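Asker: So that you have it, the file is structure02.csv, and it contains CSV, C-alpha atoms:
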chain,number,residue,atom,x,y,z
E,21,MET,CA,0.0,0.0,0.0
E,22,GLN,CA,1.1,3.5,-0.8
E,23,THR,CA,0.6,6.3,1.8
E,24,VAL,CA,1.0,10.0,0.8
E,25,ARG,CA,0.5,13.0,2.9
E,26,PHE,CA,0.2,16.6,1.7
E,27,SER,CA,-0.2,19.8,3.7
E,28,SER,CA,0.3,23.3,2.3
E,29,GLY,CA,-0.9,26.9,2.3
E,30,ASP,CA,0.3,27.5,-1.2
E,31,LEU,CA,-2.5,27.4,-3.8
E,32,ASP,CA,-0.2,26.6,-6.7
E,33,ALA,CA,1.3,23.7,-4.8
E,34,THR,CA,-2.1,22.4,-3.9
E,35,GLU,CA,-3.3,22.7,-7.5
E,36,GLU,CA,-0.2,20.8,-8.7
E,37,PHE,CA,-0.7,18.0,-6.1
E,38,LEU,CA,-4.4,17.6,-7.0
E,39,SER,CA,-3.7,17.5,-10.7
E,40,ALA,CA,-1.1,14.8,-10.2
E,41,ALA,CA,-3.3,12.8,-7.7
E,42,TYR,CA,-6.6,12.9,-9.7
E,43,THR,CA,-6.7,14.6,-13.1
E,44,PRO,CA,-5.6,18.0,-14.5
E,45,MET,CA,-7.6,20.7,-12.8
E,46,ARG,CA,-7.6,24.4,-12.1
E,47,ILE,CA,-8.4,26.0,-8.7
E,48,GLY,CA,-10.3,29.2,-8.9
E,49,GLY,CA,-10.5,32.0,-6.4
E,50,ARG,CA,-7.8,33.5,-4.1
E,51,PRO,CA,-9.0,33.0,-0.5
E,52,ASP,CA,-7.4,34.4,2.6
E,53,ASP,CA,-7.1,31.0,4.3
E,54,THR,CA,-5.3,28.7,1.9
E,55,ARG,CA,-4.6,25.7,4.1
E,56,ALA,CA,-5.1,22.3,2.6
E,57,ARG,CA,-4.5,18.8,4.0
E,58,ILE,CA,-4.7,15.6,2.1
E,59,GLU,CA,-3.9,12.0,3.1
E,60,ARG,CA,-4.0,9.1,0.6
E,61,ASN,CA,-3.9,5.4,1.2
E,62,ALA,CA,-3.8,3.6,-2.2
E,63,THR,CA,-3.7,0.0,-3.3
E,64,ASP,CA,-4.1,-1.5,-6.8
E,65,GLU,CA,-7.8,-2.1,-6.1
E,66,VAL,CA,-9.0,1.0,-4.2
E,67,ILE,CA,-7.8,4.5,-3.4
E,68,VAL,CA,-9.0,6.4,-0.3
E,69,ASP,CA,-8.2,10.0,0.3
E,70,ARG,CA,-9.0,12.3,3.3
E,71,LEU,CA,-9.1,16.0,2.4
E,72,ARG,CA,-9.7,19.2,4.3
E,73,PHE,CA,-9.8,22.7,2.8
E,74,GLY,CA,-10.2,25.7,5.0
E,75,TYR,CA,-11.5,27.8,2.1
E,76,GLU,CA,-13.8,27.8,-0.9
E,77,MET,CA,-12.2,26.2,-3.9
E,78,THR,CA,-13.7,26.0,-7.4
E,79,TYR,CA,-12.4,23.3,-9.7
E,80,ASP,CA,-12.6,22.4,-13.4
E,81,ALA,CA,-11.3,18.8,-13.9
E,82,GLY,CA,-10.9,16.2,-16.6
E,83,CYS,CA,-12.1,12.6,-16.6
E,84,LEU,CA,-11.0,10.4,-13.7
E,85,ASN,CA,-11.6,7.0,-15.4
E,86,ARG,CA,-12.6,5.7,-12.0
E,87,VAL,CA,-15.7,5.4,-10.0
E,88,CYS,CA,-15.3,8.4,-7.5
E,89,LEU,CA,-17.4,8.5,-4.4
E,90,ILE,CA,-17.4,11.5,-2.0
E,91,THR,CA,-18.4,11.2,1.6
E,92,MET,CA,-18.9,14.6,3.2
E,93,HIS,CA,-17.9,15.2,6.8
E,94,SER,CA,-18.3,19.0,7.1
E,95,GLY,CA,-18.9,22.0,4.8
E,96,THR,CA,-20.5,21.6,1.4
E,97,LEU,CA,-19.6,20.5,-2.1
E,98,VAL,CA,-21.5,22.0,-5.1
E,99,ASP,CA,-21.5,20.0,-8.4
E,100,THR,CA,-21.9,22.4,-11.4
E,101,THR,CA,-21.1,19.8,-14.1
E,102,GLY,CA,-23.2,20.3,-17.2
E,103,GLY,CA,-24.9,23.4,-15.8
E,104,ARG,CA,-26.6,21.8,-12.9
E,105,GLU,CA,-26.2,22.9,-9.3
E,106,GLU,CA,-26.3,20.0,-6.8
E,107,VAL,CA,-25.4,20.8,-3.2
E,108,TYR,CA,-24.1,18.0,-1.0
E,109,GLY,CA,-23.6,18.3,2.8
E,110,PRO,CA,-22.4,16.4,5.8
E,111,GLY,CA,-23.4,12.8,6.0
E,112,GLU,CA,-24.0,12.3,2.3
E,113,THR,CA,-22.0,9.8,0.2
E,114,PHE,CA,-22.5,10.3,-3.6
E,115,LEU,CA,-21.0,9.8,-7.0
E,116,LEU,CA,-18.9,12.8,-8.0
E,117,ALA,CA,-18.9,12.2,-11.8
E,118,GLN,CA,-19.2,9.5,-14.4
E,119,PRO,CA,-15.8,7.9,-14.9
E,120,ASP,CA,-15.5,9.0,-18.5
E,121,GLN,CA,-16.8,12.6,-18.1
E,122,PRO,CA,-15.1,15.8,-16.9
E,123,TYR,CA,-16.6,17.6,-13.9
E,124,THR,CA,-16.8,21.1,-12.4
E,125,GLY,CA,-17.8,22.4,-9.0
E,126,ALA,CA,-16.8,24.0,-5.7
E,127,VAL,CA,-15.7,22.9,-2.3
E,128,ARG,CA,-16.7,25.2,0.5
E,129,SER,CA,-14.6,25.0,3.7
E,130,ALA,CA,-15.1,21.2,3.7
E,131,SER,CA,-13.6,18.0,5.0
E,132,TYR,CA,-14.5,14.8,3.1
E,133,THR,CA,-13.3,11.4,1.9
E,134,ILE,CA,-12.7,10.5,-1.7
E,135,THR,CA,-13.0,6.8,-2.5
E,136,MET,CA,-12.0,5.6,-6.0
E,137,PHE,CA,-12.0,2.2,-7.8
E,138,ASP,CA,-12.0,0.7,-11.3
E,139,PRO,CA,-15.4,0.7,-13.0
E,140,ALA,CA,-14.8,-2.9,-14.1
E,141,LEU,CA,-15.5,-3.9,-10.5
E,142,LEU,CA,-19.1,-3.0,-10.9
E,143,GLY,CA,-19.7,-5.6,-13.5
E,144,GLN,CA,-17.8,-8.2,-11.4
E,145,ALA,CA,-19.8,-7.5,-8.3
E,146,VAL,CA,-23.3,-7.7,-9.6
E,147,PRO,CA,-24.8,-10.2,-12.1
E,148,SER,CA,-25.5,-8.8,-15.5
E,149,SER,CA,-26.3,-11.1,-18.4
E,150,SER,CA,-27.0,-8.6,-21.2
E,151,ARG,CA,-25.0,-5.3,-20.9
E,152,PRO,CA,-22.3,-3.6,-18.9
E,153,VAL,CA,-23.3,-2.1,-15.6
E,154,ARG,CA,-23.1,1.6,-15.4
E,155,LEU,CA,-24.1,4.1,-12.6
E,156,THR,CA,-26.9,6.4,-13.8
E,157,GLY,CA,-27.4,8.7,-10.8
E,158,HIS,CA,-25.3,10.6,-8.3
E,159,ARG,CA,-27.4,10.4,-5.1
E,160,ALA,CA,-28.3,7.3,-3.2
E,161,VAL,CA,-31.8,5.8,-3.8
E,162,SER,CA,-32.8,6.3,-0.2
E,163,PRO,CA,-31.5,7.5,3.2
E,164,ALA,CA,-30.9,3.9,4.2
E,165,ALA,CA,-28.9,3.3,1.0
E,166,ASP,CA,-26.9,6.4,1.7
E,167,ARG,CA,-26.0,5.1,5.2
E,168,LEU,CA,-25.1,1.7,3.8
E,169,LEU,CA,-22.6,3.3,1.3
E,170,GLY,CA,-21.1,5.6,3.9
E,171,THR,CA,-20.6,2.8,6.3
E,172,THR,CA,-18.9,0.7,3.6
E,173,VAL,CA,-16.6,3.5,2.7
E,174,ALA,CA,-15.7,3.9,6.4
E,175,PHE,CA,-15.0,0.2,6.8
E,176,VAL,CA,-12.6,0.2,3.8
E,177,ARG,CA,-11.0,3.5,5.0
E,178,ASP,CA,-10.8,2.9,8.8
E,179,THR,CA,-10.5,-0.9,9.1
E,180,VAL,CA,-8.9,-2.3,5.9
E,181,LEU,CA,-6.5,0.4,4.8
E,182,THR,CA,-5.4,1.6,8.2
E,183,ASP,CA,-4.3,-1.8,9.4
E,184,PRO,CA,-0.8,-2.5,8.0
E,185,VAL,CA,-1.3,-6.3,7.9
E,186,ALA,CA,-4.7,-6.0,6.3
E,187,ALA,CA,-3.6,-3.5,3.7
E,188,GLU,CA,-0.8,-5.8,2.6
E,189,SER,CA,-3.1,-8.8,2.1
E,190,PRO,CA,-4.1,-9.0,-1.6
E,191,LEU,CA,-7.0,-11.3,-0.8
E,192,LEU,CA,-8.4,-9.0,2.0
E,193,VAL,CA,-8.0,-5.8,-0.1
E,194,ALA,CA,-9.6,-7.4,-3.2
E,195,THR,CA,-12.5,-8.7,-1.1
E,196,ALA,CA,-13.1,-5.2,0.4
E,197,ALA,CA,-13.0,-3.6,-3.0
E,198,ARG,CA,-15.6,-6.1,-4.3
E,199,HIS,CA,-17.7,-5.4,-1.3
E,200,LEU,CA,-17.4,-1.6,-1.9
E,201,ALA,CA,-18.5,-2.1,-5.6
E,202,ALA,CA,-21.5,-4.2,-4.5
E,203,ALA,CA,-22.5,-1.5,-2.0
E,204,THR,CA,-22.2,1.2,-4.6
E,205,LEU,CA,-24.5,-0.7,-6.9
E,206,THR,CA,-27.0,-1.3,-4.1
E,207,ALA,CA,-27.0,2.3,-3.1
E,208,LEU,CA,-26.8,4.3,-6.4
E,209,PRO,CA,-29.1,4.1,-9.4
E,210,ASN,CA,-27.6,1.9,-12.2
E,211,THR,CA,-28.4,0.1,-15.4
E,212,MET,CA,-28.7,-3.4,-13.8
E,213,SER,CA,-31.7,-5.2,-15.3
E,214,GLY,CA,-34.2,-6.2,-12.7
E,215,GLY,CA,-36.2,-9.1,-14.0
E,216,PRO,CA,-35.2,-12.8,-14.3
E,217,ASP,CA,-33.6,-13.8,-17.7
E,218,ALA,CA,-35.1,-17.0,-19.1
E,219,ILE,CA,-31.7,-18.5,-20.0
E,220,ASP,CA,-30.2,-17.6,-16.6
E,221,SER,CA,-33.2,-19.1,-14.9
E,222,ARG,CA,-32.8,-22.3,-16.9
E,223,ASP,CA,-29.1,-22.5,-16.1
E,224,GLY,CA,-29.7,-21.9,-12.4
E,225,GLY,CA,-30.0,-25.6,-11.6
E,226,SER,CA,-28.4,-28.1,-9.2
E,227,ASP,CA,-25.6,-28.9,-11.7
E,228,THR,CA,-24.6,-25.2,-11.7
E,229,LEU,CA,-24.7,-25.2,-7.9
E,230,ALA,CA,-22.5,-28.3,-7.7
E,231,ARG,CA,-19.9,-26.9,-10.1
E,232,ALA,CA,-19.9,-23.5,-8.3
E,233,VAL,CA,-19.5,-25.2,-4.9
E,234,ALA,CA,-16.5,-27.3,-6.2
E,235,PHE,CA,-14.9,-24.2,-7.6
E,236,ILE,CA,-15.3,-22.3,-4.4
E,237,GLU,CA,-13.9,-25.2,-2.3
E,238,ASP,CA,-10.8,-25.4,-4.5
E,239,ASN,CA,-10.2,-21.7,-4.8
E,240,ALA,CA,-11.3,-20.1,-1.5
E,241,HIS,CA,-7.7,-19.0,-0.9
E,242,ARG,CA,-7.6,-17.0,-4.1
E,243,ASP,CA,-9.1,-13.6,-5.0
E,244,ILE,CA,-12.4,-14.8,-6.4
E,245,GLY,CA,-15.8,-13.3,-6.7
E,246,LEU,CA,-19.1,-13.9,-8.4
E,247,ALA,CA,-17.6,-13.3,-11.9
E,248,GLU,CA,-14.9,-15.9,-11.5
E,249,ILE,CA,-17.3,-18.5,-10.0
E,250,ALA,CA,-19.6,-18.0,-13.0
E,251,ASP,CA,-16.8,-18.2,-15.6
E,252,SER,CA,-15.6,-21.5,-14.2
E,253,ILE,CA,-18.8,-23.3,-15.1
E,254,PRO,CA,-19.5,-21.3,-17.5
E,255,VAL,CA,-22.8,-19.5,-17.0
E,256,THR,CA,-23.8,-16.0,-16.2
E,257,PRO,CA,-23.4,-14.6,-12.6
E,258,ARG,CA,-27.1,-14.3,-12.4
E,259,ALA,CA,-27.5,-18.0,-13.1
E,260,VAL,CA,-25.1,-18.8,-10.2
E,261,GLN,CA,-27.2,-16.6,-7.9
E,262,TYR,CA,-30.4,-18.4,-9.0
E,263,ALA,CA,-28.8,-21.8,-8.3
E,264,PHE,CA,-27.7,-20.9,-4.8
E,265,ALA,CA,-31.0,-19.2,-3.9
E,266,ARG,CA,-33.1,-22.2,-5.2
E,267,HIS,CA,-31.1,-25.1,-4.0
E,268,SER,CA,-29.1,-24.0,-1.0
E,269,GLY,CA,-31.0,-21.0,0.4
E,270,THR,CA,-27.9,-18.7,0.4
E,271,THR,CA,-25.8,-16.6,-2.0
E,272,PRO,CA,-22.5,-17.5,-3.7
E,273,LEU,CA,-20.5,-15.0,-1.7
E,274,ALA,CA,-22.1,-16.0,1.6
E,275,TYR,CA,-21.1,-19.6,0.8
E,276,LEU,CA,-17.6,-18.4,0.0
E,277,ARG,CA,-17.4,-16.6,3.4
E,278,ARG,CA,-18.6,-19.8,5.1
E,279,VAL,CA,-15.8,-21.9,3.4
E,280,ARG,CA,-13.2,-19.3,4.3
E,281,LEU,CA,-14.5,-19.3,7.9
E,282,ALA,CA,-14.1,-23.1,8.0
E,283,ARG,CA,-10.6,-22.9,6.6
E,284,ALA,CA,-9.7,-20.3,9.3
E,285,HIS,CA,-11.2,-22.8,11.9
E,286,ILE,CA,-8.9,-25.5,10.6
E,287,ASP,CA,-5.8,-23.2,10.7
E,288,LEU,CA,-6.7,-22.1,14.2
E,289,LYS,CA,-6.8,-25.7,15.5
E,290,ALA,CA,-3.5,-26.6,13.8
E,291,ALA,CA,-1.6,-23.4,14.7
E,292,ASN,CA,1.0,-23.0,17.4
E,293,PRO,CA,-0.4,-20.4,19.9
E,294,ASP,CA,3.1,-19.2,20.7
E,295,SER,CA,3.7,-18.0,17.2
E,296,ALA,CA,0.3,-17.5,15.5
E,297,THR,CA,-2.4,-15.0,16.2
E,298,VAL,CA,-6.1,-14.9,15.6
E,299,GLN,CA,-5.7,-11.7,13.6
E,300,ASP,CA,-3.1,-13.2,11.2
E,301,ILE,CA,-5.2,-16.3,10.5
E,302,ALA,CA,-8.4,-14.3,10.1
E,303,GLN,CA,-6.8,-11.9,7.6
E,304,ARG,CA,-5.2,-14.8,5.7
E,305,TRP,CA,-8.8,-15.8,4.9
E,306,GLY,CA,-10.0,-12.4,4.0
E,307,PHE,CA,-11.6,-11.3,7.3
E,308,ALA,CA,-10.5,-7.7,8.0
E,309,HIS,CA,-12.8,-6.8,10.9
E,310,GLN,CA,-11.8,-8.8,14.0
E,311,GLY,CA,-15.1,-8.2,15.8
E,312,ARG,CA,-17.2,-9.5,13.0
E,313,PHE,CA,-14.9,-12.4,12.4
E,314,ALA,CA,-15.2,-13.4,16.1
E,315,ALA,CA,-19.0,-13.0,16.0
E,316,ALA,CA,-19.3,-15.2,12.9
E,317,TYR,CA,-16.9,-17.7,14.3
E,318,ARG,CA,-18.7,-18.0,17.6
E,319,LYS,CA,-22.0,-18.4,15.8
E,320,ALA,CA,-20.6,-21.2,13.7
E,321,TYR,CA,-18.5,-23.1,16.3
E,322,ASN,CA,-20.0,-22.0,19.7
E,323,THR,CA,-16.6,-20.8,21.0
E,324,SER,CA,-14.2,-17.9,20.4
E,325,PRO,CA,-11.4,-18.1,17.9
E,326,SER,CA,-8.9,-17.3,20.6
E,327,HIS,CA,-10.1,-20.3,22.6
E,328,THR,CA,-9.7,-22.6,19.6
E,329,LEU,CA,-6.1,-21.3,19.1
E,330,ARG,CA,-5.2,-21.9,22.7
E,331,THR,CA,-6.6,-25.5,22.9
What would you get if you wrote out this structure as structure tokens?
Answerer:
Amino acid sequence: MQTVRFSSGDLDATEEFLSAAYTPMRIGGRPDDTRARIERNATDEVIVDRLRFGYEMTYDAGCLNRVCLITMHSGTLVDTTGGREEVYGPGETFLLAQPDQPYTGAVRSASYTITMFDPALLGQAVPSSSRPVRLTGHRAVSPAADRLLGTTVAFVRDTVLTDPVAAESPLLVATAARHLAAATLTALPNTMSGGPDAIDSRDGGSDTLARAVAFIEDNAHRDIGLAEIADSIPVTPRAVQYAFARHSGTTPLAYLRRVRLARAHIDLKAANPDSATVQDIAQRWGFAHQGRFAAAYRKAYNTSPSHTLRT
């Protein structure tokens, strides 16, 4: 993981940094308070920045070529792209701009989080049998959806990327990025078709389930998601979801988590408590949040992971 910190009261230096970190942009206005602070944690899958500006800054920026989410903590951001004037305030998480479009606006004495990831993750995270998945709106579809997206961003920012061990785990980071993409599609309007596809429904049988289960069992240690499971059969991601829903009462990714939990259980029983830790084993199998891992483990095995390691 790469960590970068920037702090300056020089507008030209701030403009140069922002242009290098995001896309070429121009900062408008000459405020009295020119302090700016930016901290970036970046992996190949996801980039999370914390920004604080003590002044009003207007911007005119090019295409990011990434999904870019903004989570406002204080102040306001005004999006003026294409002549509109959308104002966002504290507590909101929203799409800044389409990945392939330039954008304009203003930040008004604000602190906020920027979260960016490859648009290809959208198609991998959610089943789509006919066309690429694309976000079609900027605001969440409901207050609950907005809270879901904000909570997911906070999890990636505060749990995954701030833990040195977690941030260096390719499996854990990739899993978190997929989770973020799925939450984005759950929260924001998009082109995902809603109704069942006849071919997908036909393919969502017990044979598809058996093949998917075998692939998950053999590859749980790898960075796999719904797209990879479907490609291994091969059927569409939607068909895999139908197969699990109809014949096992769960989802493909829930089953993957169950398998990884079982592998962690095996490793905990076999490990030397003098040299191994619960955290290391949990993160080996893609569990970043230790509290959630412990809760899931206790529910499955009626004991704590630490007790298993010690006995």
Asker: Write out as a ChimeraX atom specification each polymer residue whose atoms come within 10 Å of Val161 in chain E, counting all atoms listed in the file; drop sequence neighbours fewer than 3 positions from it.
Answerer: /E:157-158,164-166,206-209
Asker: I'd like the interatomic distance between CA of Asp80 in chain E and CA of Leu97 in chain E, to a tenth of an Å.
Answerer: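 Between CA of Asp80 in chain E and CA of Leu97 in chain E the gap is 13.4 Å.
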Asker: With distances taken over all atoms listed in the file, which of E:Ala320, E:Met212, E:Ala196, E:Val255 is nearest to Gln303 in chain E?
Answerer: E:Ala196
Asker: Hey, which of E:Thr328, E:Thr211, E:Ser39, E:Gln22 ends up closest to Pro152 in chain E? Count only C-alpha atoms.
Answerer: E:Thr211
Asker: Rank E:Met92, E:Val87, E:Val24, E:Leu205 by their smallest atom-to-atom distance to Asp138 in chain E, using only C-alpha atoms, and report the top residue only.
Answerer: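 With only C-alpha atoms as the atom set, the closest residue is E:Val87.
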Asker: If you take only C-alpha atoms and a cut-off of 10 Å, which residues of range 170-235 of chain E touch range 58-79 of chain E, and what are their nearest atom pairs and distances in Å to one decimal, in chain and number order, as JSON lines?
Answerer:
{"residue": "E:Val173", "atom": "CA", "partner": "E:Val68", "partner_atom": "CA", "distance": 8.7}
{"residue": "E:Ala174", "atom": "CA", "partner": "E:Val68", "partner_atom": "CA", "distance": 9.8}
{"residue": "E:Val176", "atom": "CA", "partner": "E:Val68", "partner_atom": "CA", "distance": 8.3}
{"residue": "E:Arg177", "atom": "CA", "partner": "E:Val68", "partner_atom": "CA", "distance": 6.4}
{"residue": "E:Asp178", "atom": "CA", "partner": "E:Val68", "partner_atom": "CA", "distance": 9.9}
{"residue": "E:Leu181", "atom": "CA", "partner": "E:Asn61", "partner_atom": "CA", "distance": 6.7}
{"residue": "E:Thr182", "atom": "CA", "partner": "E:Asn61", "partner_atom": "CA", "distance": 8.1}
{"residue": "E:Ala187", "atom": "CA", "partner": "E:Thr63", "partner_atom": "CA", "distance": 7.8}
{"residue": "E:Glu188", "atom": "CA", "partner": "E:Thr63", "partner_atom": "CA", "distance": 8.8}
{"residue": "E:Pro190", "atom": "CA", "partner": "E:Glu65", "partner_atom": "CA", "distance": 9.0}
{"residue": "E:Val193", "atom": "CA", "partner": "E:Glu65", "partner_atom": "CA", "distance": 7.1}
{"residue": "E:Ala194", "atom": "CA", "partner": "E:Glu65", "partner_atom": "CA", "distance": 6.3}
{"residue": "E:Thr195", "atom": "CA", "partner": "E:Glu65", "partner_atom": "CA", "distance": 9.5}
{"residue": "E:Ala196", "atom": "CA", "partner": "E:Val66", "partner_atom": "CA", "distance": 8.7}
{"residue": "E:Ala197", "atom": "CA", "partner": "E:Val66", "partner_atom": "CA", "distance": 6.2}
{"residue": "E:Arg198", "atom": "CA", "partner": "E:Glu65", "partner_atom": "CA", "distance": 8.9}
{"residue": "E:Leu200", "atom": "CA", "partner": "E:Val66", "partner_atom": "CA", "distance": 9.1}
Asker: Just write the chosen residues, C-alpha atoms, as a PDB file, in the coordinates of the input.
Answerer:
ATOM      1  CA  VAL E 173     -16.600   3.500   2.700  1.00  0.00           C
ATOM      2  CA  ALA E 174     -15.700   3.900   6.400  1.00  0.00           C
ATOM      3  CA  VAL E 176     -12.600   0.200   3.800  1.00  0.00           C
ATOM      4  CA  ARG E 177     -11.000   3.500   5.000  1.00  0.00           C
ATOM      5  CA  ASP E 178     -10.800   2.900   8.800  1.00  0.00           C
ATOM      6  CA  LEU E 181      -6.500   0.400   4.800  1.00  0.00           C
ATOM      7  CA  THR E 182      -5.400   1.600   8.200  1.00  0.00           C
ATOM      8  CA  ALA E 187      -3.600  -3.500   3.700  1.00  0.00           C
ATOM      9  CA  GLU E 188      -0.800  -5.800   2.600  1.00  0.00           C
ATOM     10  CA  PRO E 190      -4.100  -9.000  -1.600  1.00  0.00           C
ATOM     11  CA  VAL E 193      -8.000  -5.800  -0.100  1.00  0.00           C
ATOM     12  CA  ALA E 194      -9.600  -7.400  -3.200  1.00  0.00           C
ATOM     13  CA  THR E 195     -12.500  -8.700  -1.100  1.00  0.00           C
ATOM     14  CA  ALA E 196     -13.100  -5.200   0.400  1.00  0.00           C
ATOM     15  CA  ALA E 197     -13.000  -3.600  -3.000  1.00  0.00           C
ATOM     16  CA  ARG E 198     -15.600  -6.100  -4.300  1.00  0.00           C
ATOM     17  CA  LEU E 200     -17.400  -1.600  -1.900  1.00  0.00           C
TER      18      LEU E 200
END
Asker: Here is a test: counting all atoms listed in the file, which residue of E:His93, E:Ala284, E:Leu116, E:Arg86 is nearest to Arg304 in chain E?
Answerer: E:Ala284
